[in-house]
Amino acid sequence: MKSHTVYITFNTKKRRELIRITEKVEEAVRESRIKEGFALVSAMHITAGVIVNDDEEGFKEDFWEWAEKLAPYRRDYRHHLTGEDNCDAHLKSLLVHHQVVLPITDGKLDLGPWQQIFYAEFDGQRPKRLVIKLIGE
Amino acid sequence: MKSHTVYITFNTKKRRELIRITEKVEEAVRESRIKEGFALVSAMHITAGVIVNDDEEGFKEDFWEWAEKLAPYRRDYRHHLTGEDNCDAHLKSLLVHHQVVLPITDGKLDLGPWQQIFYAEFDGQRPKRLVIKLIGE
Amino acid sequence: MKSHTVYITFNTKKRRELIRITEKVEEAVRESRIKEGFALVSAMHITAGVIVNDDEEGFKEDFWEWAEKLAPYRRDYRHHLTGEDNCDAHLKSLLVHHQVVLPITDGKLDLGPWQQIFYAEFDGQRPKRLVIKLIGE
């Protein structure tokens, strides 16, 4: 069995951003020389997510509106009594999940035609890490 | 390490359907001859999901009502300016997640007593692919 | 390839509880002697979830309020015609997902600084099982 681990640090200019990382994951697959296996792509913070969806500008705006509706920013979360103001980011992370697992087949990411991988930053403007871990053969 | 990959194409009659695929995944496990490992079951389209839940008719109706409430069909999504009208299907895919990972133990899917696996089609009536990928030993 | 499988049974006093299980998963990693691999932590019931988030009391209260808002308890779910009254627990399980996959690196769970793993019981007060399955080398 082979394994390969890559850490990526994001420090977004905006508090909330969707960052396409398909190419970063593809690069990790090439480096790993794994032909058949799995790639785990997982946020290492509890205020970020990883999604697979469409790299289309209109959709991305709809996504943010939807995430805000279902896990809205509010001042009065109890978590904010700790001095934080990012409880919505914790809930958005739970809503979309903080990770995906991608199949590796014949040495390549085995994605469908429209599947793009995104790091979803819900509370950025500071260094945040993502781990890409691959296992296989 | 062994691996085994199966693709299934769905072309549903209705736009939205829940299709039980537990037996398809069990078949892939048998074919793989893997005794201990993981089975990834993942939609290859961004308008479908994979869930593990109850094969009970009332629940399935409740599921659809719930998914429609949290990720409703609307005409006015920005994504629809591209000519599409399936933005709700993208959001439903994010809501329930597009994949699950199942444990394989002693040569069998290691599921609890009520766990059934479903492909959740949110925008069907055309060919859509699912990948089942197993790794283990 | 090595594998290791641990089952944990919960029987919560309250119907709904968040139970921190990071230490249980760490213990399974040590027992497995796996240096590089994946740990799947997955509820074996369809009325429970597994999440990675913050072990902070205020956040946990916010979490329950949020889950109740998005997947509320109601008497009139169709699923309840079977005699059950836990349809909200099924939907909460879908909302937060019933599983996570954790990377194992250098013999340890490769978590970020604030990531804690929780079993989320949505319909307890009876024995419910969780599986921790590790594969790697």
# chains A, B, ... in the order shown; residues from 1 in each chain; ligands from 1
$ closest_atom_pairs --of "chain C" --to "chain B" --cutoff "8 Å" --atoms "only C-alpha atoms" --output "Markdown table"
| residue | atom | partner | partner_atom | distance |
| --- | --- | --- | --- | --- |
| C:Met1 | CA | B:Met1 | CA | 6.3 |
| C:Ser3 | CA | B:Glu36 | CA | 6.6 |
| C:Leu40 | CA | B:Pro103 | CA | 7.7 |
| C:Met44 | CA | B:Gly112 | CA | 4.4 |
| C:His45 | CA | B:Gly112 | CA | 5.9 |
| C:Ile46 | CA | B:Asn53 | CA | 5.3 |
| C:Leu70 | CA | B:Leu70 | CA | 7.5 |
| C:Ala71 | CA | B:Trp66 | CA | 7.8 |
| C:Tyr77 | CA | B:Asp62 | CA | 6.3 |
| C:Arg78 | CA | B:Gly58 | CA | 4.6 |
| C:His79 | CA | B:Gly58 | CA | 4.2 |
| C:His80 | CA | B:Gly58 | CA | 7.6 |
| C:Leu81 | CA | B:Gly58 | CA | 7.4 |
| C:Cys87 | CA | B:Phe59 | CA | 7.1 |
| C:His90 | CA | B:Asn53 | CA | 7.2 |
| C:Leu91 | CA | B:Phe63 | CA | 7.2 |
| C:Leu94 | CA | B:Val96 | CA | 5.7 |
| C:Leu95 | CA | B:Val96 | CA | 6.2 |
| C:His97 | CA | B:Val96 | CA | 7.2 |
| C:Gln99 | CA | B:Val100 | CA | 7.9 |
| C:Arg129 | CA | B:Gly112 | CA | 7.8 |
| C:Lys133 | CA | B:Pro103 | CA | 6.7 |
| C:Ile135 | CA | B:Gly37 | CA | 6.6 |
$ write_last_selection --atoms "C-alpha atoms" --output "CSV table (one decimal), in the first residue's frame"
chain,number,residue,atom,x,y,z
C,1,MET,CA,-2.5,-3.7,4.5
C,3,SER,CA,-7.3,-3.3,9.2
C,40,LEU,CA,-14.0,5.6,9.2
C,44,MET,CA,-24.9,2.0,12.4
C,45,HIS,CA,-28.4,3.4,13.0
C,46,ILE,CA,-30.3,5.7,10.8
C,70,LEU,CA,-33.9,22.5,10.1
C,71,ALA,CA,-35.2,19.0,11.0
C,77,TYR,CA,-44.7,12.9,9.6
C,78,ARG,CA,-46.0,10.1,7.4
C,79,HIS,CA,-43.3,7.8,8.8
C,80,HIS,CA,-45.1,8.0,12.1
C,81,LEU,CA,-48.1,6.0,10.7
C,87,CYS,CA,-38.7,10.9,11.8
C,90,HIS,CA,-33.8,10.3,10.5
C,91,LEU,CA,-33.8,13.8,8.9
C,94,LEU,CA,-29.2,13.2,6.9
C,95,LEU,CA,-28.6,16.8,7.7
C,97,HIS,CA,-24.3,13.0,7.8
C,99,GLN,CA,-20.1,9.4,9.2
C,129,ARG,CA,-24.0,0.9,17.7
C,133,LYS,CA,-13.0,0.9,11.0
C,135,ILE,CA,-7.4,0.5,7.1
$ select_by_dssp --residues "chain B" --states "strand (DSSP E or B)" --output "number ranges by chain"
B: 2-10, 17-20, 37-43, 48-53, 99-105, 108-109, 116-121, 128-136
$ write_last_selection --atoms "C-alpha atoms" --output "compact mmCIF listing (two decimals), in the first residue's frame"
# COMPACT_ATOMS: atom_id res chain seq x y z
CA LYS B 2 -7.19 -5.23 -3.81
CA SER B 3 -9.45 -2.75 -5.57
CA HIS B 4 -12.63 -3.06 -7.57
CA THR B 5 -14.59 -0.40 -9.46
CA VAL B 6 -18.16 -0.58 -10.72
CA TYR B 7 -20.08 2.10 -12.60
CA ILE B 8 -23.87 2.13 -12.67
CA THR B 9 -25.92 4.31 -15.00
CA PHE B 10 -29.40 5.44 -13.95
CA GLU B 17 -36.39 9.32 -7.32
CA LEU B 18 -34.89 7.38 -4.46
CA ILE B 19 -33.46 4.09 -5.76
CA ARG B 20 -32.35 1.38 -3.34
CA GLY B 37 -11.88 -2.65 3.52
CA PHE B 38 -13.99 0.31 2.47
CA ALA B 39 -16.65 0.78 -0.20
CA LEU B 40 -17.07 4.31 -1.54
CA VAL B 41 -20.45 4.90 -3.19
CA SER B 42 -20.41 8.26 -4.92
CA ALA B 43 -22.61 10.08 -7.43
CA ALA B 48 -27.65 13.65 -7.21
CA GLY B 49 -26.85 12.25 -3.77
CA VAL B 50 -26.25 8.99 -1.95
CA ILE B 51 -27.84 8.40 1.43
CA VAL B 52 -28.11 5.65 4.01
CA ASN B 53 -31.52 5.52 5.64
CA GLN B 99 -21.46 9.98 -1.20
CA VAL B 100 -21.10 7.48 1.61
CA VAL B 101 -18.29 5.16 2.69
CA LEU B 102 -19.32 1.71 3.89
CA PRO B 103 -17.16 -0.66 5.93
CA ILE B 104 -16.51 -4.15 4.57
CA THR B 105 -15.92 -6.70 7.34
CA LYS B 108 -19.62 -8.39 3.77
CA LEU B 109 -21.03 -4.87 3.91
CA GLN B 116 -30.26 0.75 3.36
CA ILE B 117 -28.27 2.58 0.69
CA PHE B 118 -30.10 4.82 -1.79
CA TYR B 119 -29.13 6.71 -4.89
CA ALA B 120 -31.02 10.02 -4.65
CA GLU B 121 -31.79 11.39 -8.08
CA LYS B 128 -26.45 9.66 -14.79
CA ARG B 129 -23.53 7.67 -13.40
CA LEU B 130 -22.61 6.39 -9.96
CA VAL B 131 -19.26 4.90 -9.00
CA ILE B 132 -18.79 2.13 -6.45
CA LYS B 133 -15.10 1.79 -5.59
CA LEU B 134 -13.79 -0.74 -3.10
CA ILE B 135 -10.32 -1.03 -1.64
CA GLY B 136 -9.05 -3.49 0.93
$ atom_distance --atom1 "atom CA of Asn11 of chain C" --atom2 "atom CA of Pro72 of chain C"
22.5 Å
$ atom_distance --atom1 "atom CA of Glu27 of chain C" --atom2 "atom CA of Ile34 of chain B"
25.3 Å
$ select_by_dssp --residues "chain A" --states "helix (DSSP H, G or I)" --output "PyMOL selection string"
chain A and resi 22-32+57-70+78-82+87-96
$ atom_distance --atom1 "atom CA of Ser32 of chain C" --atom2 "atom CA of Gly107 of chain B"
19.1 Å
